[in-house]
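Asker: The structure's right below; bear with me while I get my questions together.
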Amino acid sequence: MLGSRRLVAIAKLLGIVAVFGLLMHMGTVLYASRNNTSAQGIYQGWHDSIAQYNRYGNSANGSGIYSPEGVKPVKAALVALVRNEELYGMRMAVRELEDRWNHKYNYPYIFLNDKPFTNEFKRGIQDLTKAKVQFGVLEPESWGYPAWIDKEKAKHERETANYIKGHSESYRFMCRFQSGFVHKHPLLRDLEFYWRIEPDVNYYCDIDYDPFLYMKENGLKYGWNIAPDEYEPTVRTLWNTTVDFMQKNPALIPKENMIDFVRGKDGKYTLCHFWSNFEIVDLSFYRSPEYEAYFNHLDRSGGFFYERWGDAPIHSIAVAMFLKKSDVHYFNDIGYRHPAMSHCPKGSKVRGKCICDPEEGWADDFSCAKRWRSI
């Protein structure tokens, strides 16, 4: 028989558990009513988050397959195109990635540059991580003007452009490289996936799972985080050039795709795109014959230089044209800031593992993010 004191203690404990459960339920219902959602939806969201946490690498602690020397479950890397003078901004980004995620997973880094990296840059990055780090120089054919470009015409566009980065020659080289060559670099040749990273960005949330493994096991081809609309003067003829490609290559366009993300009911370009400074990609997509054919069609038209076509709208149109929505994943659980725009998961100001203000990082409410949800 239990003593009276023990019975009282057990009763108090059960009472505390019951009160806690009631408060949790009341809080959920109140939050749901204020945020125009259902309590069931919130419970399901918690359940899904816990399930994802348990399945995709929650036990990672920097040892075993996730040790720096371990054979990772996915052949993947974090990849940056960066200049020597951007060392400080790159160090900030790597420091946050390590603190938030990669200190547990130790995926390798690959840094690319059109010039050799200095020893100072190499040391500055290697000081921050135990993971493998590789440094590479771009191949000549991937950086600069292809033979068919009229350089005087390109120069005139730069001198008369009235839009951001409009006067920059190297920015155009970068957009062309990211659109058609990054996945071909020898250091990426054996990779299945890459996560593009950049200097001067912030990662607001602890990431308690392996996004590479999540994408691979779910058959996902493209992952994104922010979806703004493009500035039309930079892509004046991109959509018409794309329509021309589709008309000339109907066999390459699958019947089931998500073209309505970039094409409105009137047939015009919506300007919606996934901001490619954050993208996690199955590189077999960029290596596919259809993507290669599309890039070559665009490259031959000269729009990288006669306008200022960015890699983000090109990647996004290709995703919309060749993939189904079920092939694409919105990483809305990862808080992220690139200068001028940011995404902060809802509720992060008061709960969860993100430190950011959703009112400042409101990319989830961009019209293109809403369009994504509607297609």
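Here, A, B, ... name the chains of the structure tokens in the order displayed, residue numbers run from 1 inside each chain, and ligands are numbered from 1 in the same displayed order.
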Can you list, as a PDB file with all heavy atoms, in the first residue's frame, every protein, DNA or RNA residue that comes within 8 Å of segment 97-112 of chain A when you count only C-alpha atoms, leaving out same-chain residues fewer than 2 positions away?
Answerer:
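The resulting file, out-v1.pdb, is shown below:
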```pdb
ATOM      1  N   ALA A  60      22.442  13.748 -35.074  1.00  0.00           N
ATOM      2  CA  ALA A  60      23.758  14.214 -35.506  1.00  0.00           C
ATOM      3  C   ALA A  60      24.438  14.985 -34.385  1.00  0.00           C
ATOM      4  O   ALA A  60      23.850  15.851 -33.758  1.00  0.00           O
ATOM      5  CB  ALA A  60      23.628  15.107 -36.734  1.00  0.00           C
ATOM      6  N   ASN A  61      25.674  14.620 -34.128  1.00  0.00           N
ATOM      7  CA  ASN A  61      26.430  15.311 -33.080  1.00  0.00           C
ATOM      8  C   ASN A  61      27.885  15.500 -33.484  1.00  0.00           C
ATOM      9  O   ASN A  61      28.760  15.628 -32.641  1.00  0.00           O
ATOM     10  CB  ASN A  61      26.332  14.541 -31.763  1.00  0.00           C
ATOM     11  CG  ASN A  61      26.864  13.122 -31.891  1.00  0.00           C
ATOM     12  OD1 ASN A  61      27.378  12.748 -32.954  1.00  0.00           O
ATOM     13  ND2 ASN A  61      26.736  12.345 -30.830  1.00  0.00           N
ATOM     14  N   GLY A  62      28.137  15.489 -34.801  1.00  0.00           N
ATOM     15  CA  GLY A  62      29.489  15.680 -35.278  1.00  0.00           C
ATOM     16  C   GLY A  62      30.330  14.424 -35.253  1.00  0.00           C
ATOM     17  O   GLY A  62      31.545  14.492 -35.443  1.00  0.00           O
ATOM     18  N   SER A  63      29.695  13.266 -35.022  1.00  0.00           N
ATOM     19  CA  SER A  63      30.433  12.008 -34.986  1.00  0.00           C
ATOM     20  C   SER A  63      29.832  11.034 -35.983  1.00  0.00           C
ATOM     21  O   SER A  63      28.823  11.318 -36.627  1.00  0.00           O
ATOM     22  CB  SER A  63      30.409  11.410 -33.572  1.00  0.00           C
ATOM     23  OG  SER A  63      29.075  11.116 -33.186  1.00  0.00           O
ATOM     24  N   TYR A  66      28.477  11.744 -39.656  1.00  0.00           N
ATOM     25  CA  TYR A  66      28.497  13.203 -39.702  1.00  0.00           C
ATOM     26  C   TYR A  66      29.769  13.798 -39.093  1.00  0.00           C
ATOM     27  O   TYR A  66      29.839  15.000 -38.853  1.00  0.00           O
ATOM     28  CB  TYR A  66      27.264  13.767 -39.009  1.00  0.00           C
ATOM     29  CG  TYR A  66      25.996  13.608 -39.822  1.00  0.00           C
ATOM     30  CD1 TYR A  66      24.939  12.820 -39.367  1.00  0.00           C
ATOM     31  CD2 TYR A  66      25.854  14.235 -41.058  1.00  0.00           C
ATOM     32  CE1 TYR A  66      23.781  12.672 -40.118  1.00  0.00           C
ATOM     33  CE2 TYR A  66      24.696  14.088 -41.814  1.00  0.00           C
ATOM     34  CZ  TYR A  66      23.669  13.305 -41.340  1.00  0.00           C
ATOM     35  OH  TYR A  66      22.512  13.162 -42.094  1.00  0.00           O
ATOM     36  N   SER A  67      30.770  12.974 -38.868  1.00  0.00           N
ATOM     37  CA  SER A  67      32.062  13.516 -38.459  1.00  0.00           C
ATOM     38  C   SER A  67      32.700  14.171 -39.678  1.00  0.00           C
ATOM     39  O   SER A  67      32.310  13.907 -40.815  1.00  0.00           O
ATOM     40  CB  SER A  67      32.964  12.394 -37.935  1.00  0.00           C
ATOM     41  OG  SER A  67      33.367  11.540 -39.002  1.00  0.00           O
ATOM     42  N   PRO A  68      33.695  15.025 -39.478  1.00  0.00           N
ATOM     43  CA  PRO A  68      34.320  15.675 -40.640  1.00  0.00           C
ATOM     44  C   PRO A  68      34.832  14.684 -41.685  1.00  0.00           C
ATOM     45  O   PRO A  68      34.795  14.960 -42.878  1.00  0.00           O
ATOM     46  CB  PRO A  68      35.473  16.464 -40.008  1.00  0.00           C
ATOM     47  CG  PRO A  68      34.992  16.770 -38.623  1.00  0.00           C
ATOM     48  CD  PRO A  68      34.210  15.550 -38.210  1.00  0.00           C
ATOM     49  N   LYS A  72      29.122  10.977 -45.702  1.00  0.00           N
ATOM     50  CA  LYS A  72      27.797  11.528 -45.471  1.00  0.00           C
ATOM     51  C   LYS A  72      26.723  10.715 -46.225  1.00  0.00           C
ATOM     52  O   LYS A  72      27.009  10.078 -47.244  1.00  0.00           O
ATOM     53  CB  LYS A  72      27.733  12.986 -45.930  1.00  0.00           C
ATOM     54  CG  LYS A  72      28.830  13.871 -45.349  1.00  0.00           C
ATOM     55  CD  LYS A  72      28.744  13.983 -43.840  1.00  0.00           C
ATOM     56  CE  LYS A  72      29.781  14.961 -43.304  1.00  0.00           C
ATOM     57  NZ  LYS A  72      31.163  14.445 -43.413  1.00  0.00           N
ATOM     58  N   ALA A  76      27.089  15.883 -51.017  1.00  0.00           N
ATOM     59  CA  ALA A  76      26.597  17.259 -51.065  1.00  0.00           C
ATOM     60  C   ALA A  76      27.625  18.203 -50.475  1.00  0.00           C
ATOM     61  O   ALA A  76      28.536  17.790 -49.752  1.00  0.00           O
ATOM     62  CB  ALA A  76      25.271  17.376 -50.316  1.00  0.00           C
ATOM     63  N   ALA A  77      27.466  19.484 -50.781  1.00  0.00           N
ATOM     64  CA  ALA A  77      28.372  20.499 -50.251  1.00  0.00           C
ATOM     65  C   ALA A  77      27.683  21.851 -50.227  1.00  0.00           C
ATOM     66  O   ALA A  77      26.685  22.079 -50.935  1.00  0.00           O
ATOM     67  CB  ALA A  77      29.648  20.581 -51.091  1.00  0.00           C
ATOM     68  N   LEU A  78      28.220  22.746 -49.411  1.00  0.00           N
ATOM     69  CA  LEU A  78      27.814  24.144 -49.396  1.00  0.00           C
ATOM     70  C   LEU A  78      28.764  24.881 -50.324  1.00  0.00           C
ATOM     71  O   LEU A  78      29.988  24.783 -50.171  1.00  0.00           O
ATOM     72  CB  LEU A  78      27.888  24.700 -47.984  1.00  0.00           C
ATOM     73  CG  LEU A  78      26.997  23.955 -46.986  1.00  0.00           C
ATOM     74  CD1 LEU A  78      27.835  23.305 -45.911  1.00  0.00           C
ATOM     75  CD2 LEU A  78      25.960  24.866 -46.387  1.00  0.00           C
ATOM     76  N   VAL A  79      28.220  25.615 -51.295  1.00  0.00           N
ATOM     77  CA  VAL A  79      29.026  26.169 -52.384  1.00  0.00           C
ATOM     78  C   VAL A  79      28.836  27.678 -52.475  1.00  0.00           C
ATOM     79  O   VAL A  79      27.704  28.171 -52.466  1.00  0.00           O
ATOM     80  CB  VAL A  79      28.654  25.505 -53.730  1.00  0.00           C
ATOM     81  CG1 VAL A  79      29.481  26.093 -54.870  1.00  0.00           C
ATOM     82  CG2 VAL A  79      28.856  23.993 -53.654  1.00  0.00           C
ATOM     83  N   ALA A  80      29.956  28.395 -52.585  1.00  0.00           N
ATOM     84  CA  ALA A  80      29.910  29.853 -52.709  1.00  0.00           C
ATOM     85  C   ALA A  80      30.813  30.316 -53.841  1.00  0.00           C
ATOM     86  O   ALA A  80      31.933  29.831 -53.985  1.00  0.00           O
ATOM     87  CB  ALA A  80      30.335  30.519 -51.409  1.00  0.00           C
ATOM     88  N   LEU A  81      30.313  31.245 -54.627  1.00  0.00           N
ATOM     89  CA  LEU A  81      31.134  32.003 -55.569  1.00  0.00           C
ATOM     90  C   LEU A  81      31.438  33.321 -54.880  1.00  0.00           C
ATOM     91  O   LEU A  81      30.540  34.115 -54.598  1.00  0.00           O
ATOM     92  CB  LEU A  81      30.382  32.235 -56.875  1.00  0.00           C
ATOM     93  CG  LEU A  81      31.089  33.094 -57.926  1.00  0.00           C
ATOM     94  CD1 LEU A  81      32.354  32.403 -58.432  1.00  0.00           C
ATOM     95  CD2 LEU A  81      30.148  33.399 -59.092  1.00  0.00           C
ATOM     96  N   VAL A  82      32.713  33.580 -54.602  1.00  0.00           N
ATOM     97  CA  VAL A  82      33.054  34.696 -53.723  1.00  0.00           C
ATOM     98  C   VAL A  82      34.425  35.235 -54.095  1.00  0.00           C
ATOM     99  O   VAL A  82      35.273  34.514 -54.633  1.00  0.00           O
ATOM    100  CB  VAL A  82      33.008  34.226 -52.242  1.00  0.00           C
ATOM    101  CG1 VAL A  82      33.996  33.107 -51.995  1.00  0.00           C
ATOM    102  CG2 VAL A  82      33.221  35.359 -51.268  1.00  0.00           C
ATOM    103  N   ALA A  93      28.890  34.569 -42.659  1.00  0.00           N
ATOM    104  CA  ALA A  93      27.906  33.579 -43.099  1.00  0.00           C
ATOM    105  C   ALA A  93      28.296  32.175 -42.651  1.00  0.00           C
ATOM    106  O   ALA A  93      27.453  31.405 -42.156  1.00  0.00           O
ATOM    107  CB  ALA A  93      27.759  33.640 -44.623  1.00  0.00           C
ATOM    108  N   VAL A  94      29.570  31.818 -42.811  1.00  0.00           N
ATOM    109  CA  VAL A  94      30.024  30.484 -42.400  1.00  0.00           C
ATOM    110  C   VAL A  94      29.899  30.319 -40.893  1.00  0.00           C
ATOM    111  O   VAL A  94      29.481  29.257 -40.399  1.00  0.00           O
ATOM    112  CB  VAL A  94      31.473  30.242 -42.866  1.00  0.00           C
ATOM    113  CG1 VAL A  94      32.040  28.965 -42.250  1.00  0.00           C
ATOM    114  CG2 VAL A  94      31.525  30.155 -44.388  1.00  0.00           C
ATOM    115  N   ARG A  95      30.243  31.369 -40.133  1.00  0.00           N
ATOM    116  CA  ARG A  95      30.126  31.289 -38.682  1.00  0.00           C
ATOM    117  C   ARG A  95      28.681  30.967 -38.275  1.00  0.00           C
ATOM    118  O   ARG A  95      28.431  30.123 -37.405  1.00  0.00           O
ATOM    119  CB  ARG A  95      30.569  32.621 -38.061  1.00  0.00           C
ATOM    120  CG  ARG A  95      30.437  32.732 -36.539  1.00  0.00           C
ATOM    121  CD  ARG A  95      31.484  31.913 -35.812  1.00  0.00           C
ATOM    122  NE  ARG A  95      31.097  30.524 -35.665  1.00  0.00           N
ATOM    123  CZ  ARG A  95      31.975  29.531 -35.442  1.00  0.00           C
ATOM    124  NH1 ARG A  95      33.254  29.773 -35.345  1.00  0.00           N
ATOM    125  NH2 ARG A  95      31.556  28.291 -35.309  1.00  0.00           N
ATOM    126  N   ASP A 114      36.939  33.704 -59.564  1.00  0.00           N
ATOM    127  CA  ASP A 114      37.537  33.854 -60.897  1.00  0.00           C
ATOM    128  C   ASP A 114      39.037  34.109 -60.825  1.00  0.00           C
ATOM    129  O   ASP A 114      39.724  34.087 -61.846  1.00  0.00           O
ATOM    130  CB  ASP A 114      36.833  34.962 -61.687  1.00  0.00           C
ATOM    131  CG  ASP A 114      37.023  36.341 -61.072  1.00  0.00           C
ATOM    132  OD1 ASP A 114      36.701  36.494 -59.885  1.00  0.00           O
ATOM    133  OD2 ASP A 114      37.489  37.258 -61.774  1.00  0.00           O
ATOM    134  N   LEU A 128      37.130  28.461 -39.105  1.00  0.00           N
ATOM    135  CA  LEU A 128      35.758  28.461 -38.599  1.00  0.00           C
ATOM    136  C   LEU A 128      35.091  27.095 -38.577  1.00  0.00           C
ATOM    137  O   LEU A 128      34.011  26.949 -38.009  1.00  0.00           O
ATOM    138  CB  LEU A 128      34.890  29.409 -39.439  1.00  0.00           C
ATOM    139  CG  LEU A 128      35.304  30.881 -39.441  1.00  0.00           C
ATOM    140  CD1 LEU A 128      34.446  31.660 -40.431  1.00  0.00           C
ATOM    141  CD2 LEU A 128      35.163  31.473 -38.041  1.00  0.00           C
ATOM    142  N   THR A 129      35.682  26.090 -39.225  1.00  0.00           N
ATOM    143  CA  THR A 129      34.982  24.819 -39.379  1.00  0.00           C
ATOM    144  C   THR A 129      35.939  23.646 -39.314  1.00  0.00           C
ATOM    145  O   THR A 129      37.114  23.752 -39.678  1.00  0.00           O
ATOM    146  CB  THR A 129      34.219  24.798 -40.724  1.00  0.00           C
ATOM    147  OG1 THR A 129      33.541  23.539 -40.864  1.00  0.00           O
ATOM    148  CG2 THR A 129      35.156  24.997 -41.906  1.00  0.00           C
ATOM    149  N   LYS A 130      35.415  22.518 -38.852  1.00  0.00           N
ATOM    150  CA  LYS A 130      36.177  21.271 -38.886  1.00  0.00           C
ATOM    151  C   LYS A 130      35.922  20.522 -40.187  1.00  0.00           C
ATOM    152  O   LYS A 130      36.600  19.545 -40.492  1.00  0.00           O
ATOM    153  CB  LYS A 130      35.777  20.373 -37.706  1.00  0.00           C
ATOM    154  CG  LYS A 130      36.010  20.982 -36.329  1.00  0.00           C
ATOM    155  CD  LYS A 130      35.606  20.013 -35.245  1.00  0.00           C
ATOM    156  CE  LYS A 130      34.150  19.648 -35.376  1.00  0.00           C
ATOM    157  NZ  LYS A 130      33.315  19.868 -34.264  1.00  0.00           N
ATOM    158  N   ALA A 131      34.908  20.956 -40.936  1.00  0.00           N
ATOM    159  CA  ALA A 131      34.539  20.270 -42.174  1.00  0.00           C
ATOM    160  C   ALA A 131      35.608  20.472 -43.252  1.00  0.00           C
ATOM    161  O   ALA A 131      36.399  21.417 -43.193  1.00  0.00           O
ATOM    162  CB  ALA A 131      33.187  20.784 -42.674  1.00  0.00           C
ATOM    163  N   LYS A 132      35.573  19.599 -44.236  1.00  0.00           N
ATOM    164  CA  LYS A 132      36.492  19.721 -45.368  1.00  0.00           C
ATOM    165  C   LYS A 132      36.179  20.995 -46.143  1.00  0.00           C
ATOM    166  O   LYS A 132      35.012  21.328 -46.370  1.00  0.00           O
ATOM    167  CB  LYS A 132      36.343  18.502 -46.280  1.00  0.00           C
ATOM    168  CG  LYS A 132      37.259  18.513 -47.490  1.00  0.00           C
ATOM    169  CD  LYS A 132      37.032  17.262 -48.346  1.00  0.00           C
ATOM    170  CE  LYS A 132      37.923  17.261 -49.576  1.00  0.00           C
ATOM    171  NZ  LYS A 132      37.692  16.054 -50.423  1.00  0.00           N
ATOM    172  N   VAL A 133      37.221  21.715 -46.559  1.00  0.00           N
ATOM    173  CA  VAL A 133      37.053  22.943 -47.330  1.00  0.00           C
ATOM    174  C   VAL A 133      37.919  22.845 -48.585  1.00  0.00           C
ATOM    175  O   VAL A 133      39.102  22.518 -48.504  1.00  0.00           O
ATOM    176  CB  VAL A 133      37.450  24.192 -46.518  1.00  0.00           C
ATOM    177  CG1 VAL A 133      37.194  25.455 -47.336  1.00  0.00           C
ATOM    178  CG2 VAL A 133      36.704  24.245 -45.193  1.00  0.00           C
ATOM    179  N   GLN A 134      37.328  23.146 -49.731  1.00  0.00           N
ATOM    180  CA  GLN A 134      38.061  23.165 -50.987  1.00  0.00           C
ATOM    181  C   GLN A 134      37.926  24.530 -51.645  1.00  0.00           C
ATOM    182  O   GLN A 134      36.882  25.188 -51.534  1.00  0.00           O
ATOM    183  CB  GLN A 134      37.532  22.083 -51.937  1.00  0.00           C
ATOM    184  CG  GLN A 134      37.805  20.656 -51.487  1.00  0.00           C
ATOM    185  CD  GLN A 134      37.219  19.632 -52.435  1.00  0.00           C
ATOM    186  OE1 GLN A 134      36.007  19.404 -52.451  1.00  0.00           O
ATOM    187  NE2 GLN A 134      38.072  19.011 -53.236  1.00  0.00           N
ATOM    188  N   PHE A 135      38.977  24.931 -52.333  1.00  0.00           N
ATOM    189  CA  PHE A 135      39.007  26.225 -53.018  1.00  0.00           C
ATOM    190  C   PHE A 135      39.324  25.980 -54.491  1.00  0.00           C
ATOM    191  O   PHE A 135      40.255  25.240 -54.812  1.00  0.00           O
ATOM    192  CB  PHE A 135      40.055  27.140 -52.390  1.00  0.00           C
ATOM    193  CG  PHE A 135      39.841  27.394 -50.928  1.00  0.00           C
ATOM    194  CD1 PHE A 135      40.457  26.591 -49.968  1.00  0.00           C
ATOM    195  CD2 PHE A 135      39.017  28.420 -50.498  1.00  0.00           C
ATOM    196  CE1 PHE A 135      40.263  26.809 -48.616  1.00  0.00           C
ATOM    197  CE2 PHE A 135      38.812  28.652 -49.147  1.00  0.00           C
ATOM    198  CZ  PHE A 135      39.435  27.843 -48.200  1.00  0.00           C
ATOM    199  N   GLY A 136      38.555  26.605 -55.370  1.00  0.00           N
ATOM    200  CA  GLY A 136      38.769  26.392 -56.788  1.00  0.00           C
ATOM    201  C   GLY A 136      38.703  27.678 -57.590  1.00  0.00           C
ATOM    202  O   GLY A 136      38.076  28.661 -57.173  1.00  0.00           O
ATOM    203  N   VAL A 137      39.332  27.652 -58.751  1.00  0.00           N
ATOM    204  CA  VAL A 137      39.311  28.771 -59.693  1.00  0.00           C
ATOM    205  C   VAL A 137      38.405  28.390 -60.863  1.00  0.00           C
ATOM    206  O   VAL A 137      38.376  27.231 -61.291  1.00  0.00           O
ATOM    207  CB  VAL A 137      40.738  29.097 -60.198  1.00  0.00           C
ATOM    208  CG1 VAL A 137      40.703  30.220 -61.230  1.00  0.00           C
ATOM    209  CG2 VAL A 137      41.621  29.478 -59.022  1.00  0.00           C
ATOM    210  N   LEU A 138      37.656  29.366 -61.365  1.00  0.00           N
ATOM    211  CA  LEU A 138      36.733  29.104 -62.458  1.00  0.00           C
ATOM    212  C   LEU A 138      37.485  28.772 -63.748  1.00  0.00           C
ATOM    213  O   LEU A 138      38.566  29.294 -64.011  1.00  0.00           O
ATOM    214  CB  LEU A 138      35.830  30.317 -62.694  1.00  0.00           C
ATOM    215  CG  LEU A 138      35.029  30.829 -61.490  1.00  0.00           C
ATOM    216  CD1 LEU A 138      34.071  31.928 -61.952  1.00  0.00           C
ATOM    217  CD2 LEU A 138      34.285  29.711 -60.792  1.00  0.00           C
ATOM    218  N   LEU A 187      35.089  20.639 -59.125  1.00  0.00           N
ATOM    219  CA  LEU A 187      34.918  20.369 -57.698  1.00  0.00           C
ATOM    220  C   LEU A 187      33.495  19.925 -57.355  1.00  0.00           C
ATOM    221  O   LEU A 187      33.267  19.359 -56.289  1.00  0.00           O
ATOM    222  CB  LEU A 187      35.292  21.604 -56.875  1.00  0.00           C
ATOM    223  CG  LEU A 187      36.777  21.979 -56.862  1.00  0.00           C
ATOM    224  CD1 LEU A 187      37.013  23.206 -56.000  1.00  0.00           C
ATOM    225  CD2 LEU A 187      37.639  20.812 -56.379  1.00  0.00           C
ATOM    226  N   TYR A 203      21.538  33.458 -41.032  1.00  0.00           N
ATOM    227  CA  TYR A 203      20.692  32.287 -40.829  1.00  0.00           C
ATOM    228  C   TYR A 203      20.146  32.388 -39.408  1.00  0.00           C
ATOM    229  O   TYR A 203      20.907  32.335 -38.445  1.00  0.00           O
ATOM    230  CB  TYR A 203      21.489  31.005 -41.033  1.00  0.00           C
ATOM    231  CG  TYR A 203      22.034  30.893 -42.449  1.00  0.00           C
ATOM    232  CD1 TYR A 203      23.287  31.421 -42.769  1.00  0.00           C
ATOM    233  CD2 TYR A 203      21.295  30.295 -43.456  1.00  0.00           C
ATOM    234  CE1 TYR A 203      23.780  31.348 -44.067  1.00  0.00           C
ATOM    235  CE2 TYR A 203      21.780  30.217 -44.755  1.00  0.00           C
ATOM    236  CZ  TYR A 203      23.021  30.748 -45.054  1.00  0.00           C
ATOM    237  OH  TYR A 203      23.504  30.679 -46.340  1.00  0.00           O
ATOM    238  N   TYR A 204      18.836  32.534 -39.281  1.00  0.00           N
ATOM    239  CA  TYR A 204      18.233  32.898 -38.009  1.00  0.00           C
ATOM    240  C   TYR A 204      17.864  31.715 -37.113  1.00  0.00           C
ATOM    241  O   TYR A 204      17.539  31.920 -35.953  1.00  0.00           O
ATOM    242  CB  TYR A 204      16.946  33.698 -38.262  1.00  0.00           C
ATOM    243  CG  TYR A 204      17.144  35.067 -38.862  1.00  0.00           C
ATOM    244  CD1 TYR A 204      16.314  35.510 -39.896  1.00  0.00           C
ATOM    245  CD2 TYR A 204      18.120  35.936 -38.399  1.00  0.00           C
ATOM    246  CE1 TYR A 204      16.458  36.773 -40.446  1.00  0.00           C
ATOM    247  CE2 TYR A 204      18.271  37.196 -38.939  1.00  0.00           C
ATOM    248  CZ  TYR A 204      17.442  37.618 -39.964  1.00  0.00           C
ATOM    249  OH  TYR A 204      17.582  38.874 -40.512  1.00  0.00           O
ATOM    250  N   CYS A 205      17.852  30.499 -37.647  1.00  0.00           N
ATOM    251  CA  CYS A 205      17.251  29.377 -36.926  1.00  0.00           C
ATOM    252  C   CYS A 205      18.220  28.212 -36.749  1.00  0.00           C
ATOM    253  O   CYS A 205      19.007  27.906 -37.650  1.00  0.00           O
ATOM    254  CB  CYS A 205      16.027  28.844 -37.682  1.00  0.00           C
ATOM    255  SG  CYS A 205      14.831  30.100 -38.167  1.00  0.00           S
ATOM    256  N   ASP A 206      18.117  27.532 -35.607  1.00  0.00           N
ATOM    257  CA  ASP A 206      18.778  26.241 -35.462  1.00  0.00           C
ATOM    258  C   ASP A 206      18.092  25.254 -36.406  1.00  0.00           C
ATOM    259  O   ASP A 206      16.861  25.163 -36.440  1.00  0.00           O
ATOM    260  CB  ASP A 206      18.661  25.730 -34.026  1.00  0.00           C
ATOM    261  CG  ASP A 206      19.562  26.480 -33.068  1.00  0.00           C
ATOM    262  OD1 ASP A 206      20.438  27.229 -33.539  1.00  0.00           O
ATOM    263  OD2 ASP A 206      19.375  26.334 -31.849  1.00  0.00           O
ATOM    264  N   ILE A 207      18.877  24.516 -37.162  1.00  0.00           N
ATOM    265  CA  ILE A 207      18.349  23.540 -38.112  1.00  0.00           C
ATOM    266  C   ILE A 207      18.717  22.166 -37.580  1.00  0.00           C
ATOM    267  O   ILE A 207      19.884  21.788 -37.565  1.00  0.00           O
ATOM    268  CB  ILE A 207      18.929  23.772 -39.525  1.00  0.00           C
ATOM    269  CG1 ILE A 207      18.674  25.215 -39.970  1.00  0.00           C
ATOM    270  CG2 ILE A 207      18.323  22.788 -40.527  1.00  0.00           C
ATOM    271  CD1 ILE A 207      19.431  25.621 -41.221  1.00  0.00           C
ATOM    272  N   ASP A 208      17.719  21.423 -37.134  1.00  0.00           N
ATOM    273  CA  ASP A 208      17.955  20.169 -36.414  1.00  0.00           C
ATOM    274  C   ASP A 208      17.743  18.944 -37.290  1.00  0.00           C
ATOM    275  O   ASP A 208      17.386  17.874 -36.785  1.00  0.00           O
ATOM    276  CB  ASP A 208      17.038  20.097 -35.185  1.00  0.00           C
ATOM    277  CG  ASP A 208      17.402  21.145 -34.151  1.00  0.00           C
ATOM    278  OD1 ASP A 208      18.602  21.399 -33.965  1.00  0.00           O
ATOM    279  OD2 ASP A 208      16.494  21.713 -33.531  1.00  0.00           O
ATOM    280  N   ASP A 210      18.897  17.188 -41.511  1.00  0.00           N
ATOM    281  CA  ASP A 210      19.774  17.267 -42.673  1.00  0.00           C
ATOM    282  C   ASP A 210      18.928  17.603 -43.905  1.00  0.00           C
ATOM    283  O   ASP A 210      18.239  16.733 -44.444  1.00  0.00           O
ATOM    284  CB  ASP A 210      20.470  15.908 -42.843  1.00  0.00           C
ATOM    285  CG  ASP A 210      21.441  15.866 -44.014  1.00  0.00           C
ATOM    286  OD1 ASP A 210      21.365  16.751 -44.884  1.00  0.00           O
ATOM    287  OD2 ASP A 210      22.256  14.927 -44.067  1.00  0.00           O
TER     288      ASP A 210
END
```
Asker: Using the chain letters and numbers from this document, which residues of segment 195-358 of chain A does DSSP assign to alpha helix (DSSP H), as a PyMOL selection string?
Answerer: chain A and resi 211-217+238-248+283-286+289-301+303-306+311-322
Asker: Kindly give the distance, in Å, that separates atom CA of Gly310 of chain A and atom CA of Ala340 of chain A, rounded to a single decimal.
Answerer: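 A separation of 16.6 Å between them.
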Asker: Leaving out Leu220 of chain A and any residue of its chain fewer than 6 positions from it, which residues lie within 7 Å of it when counting only C-alpha atoms, given as a list in words?
Answerer: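 Listing them by chain and then by number gives Asp327, Val328 and His329 of chain A.
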Asker: Using only C-alpha atoms, which of the listed residues (A:Asn277, A:Thr241, A:Ser342, A:Ser348) sits closest to Ala363 of chain A?
Answerer: A:Ser342
Asker: Please compute the atom CA of His297 of chain A-atom CA of Phe173 of chain A distance, one decimal, in Å.
Answerer: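 Answer for the atom CA of His297 of chain A to atom CA of Phe173 of chain A separation: 16.9 Å.
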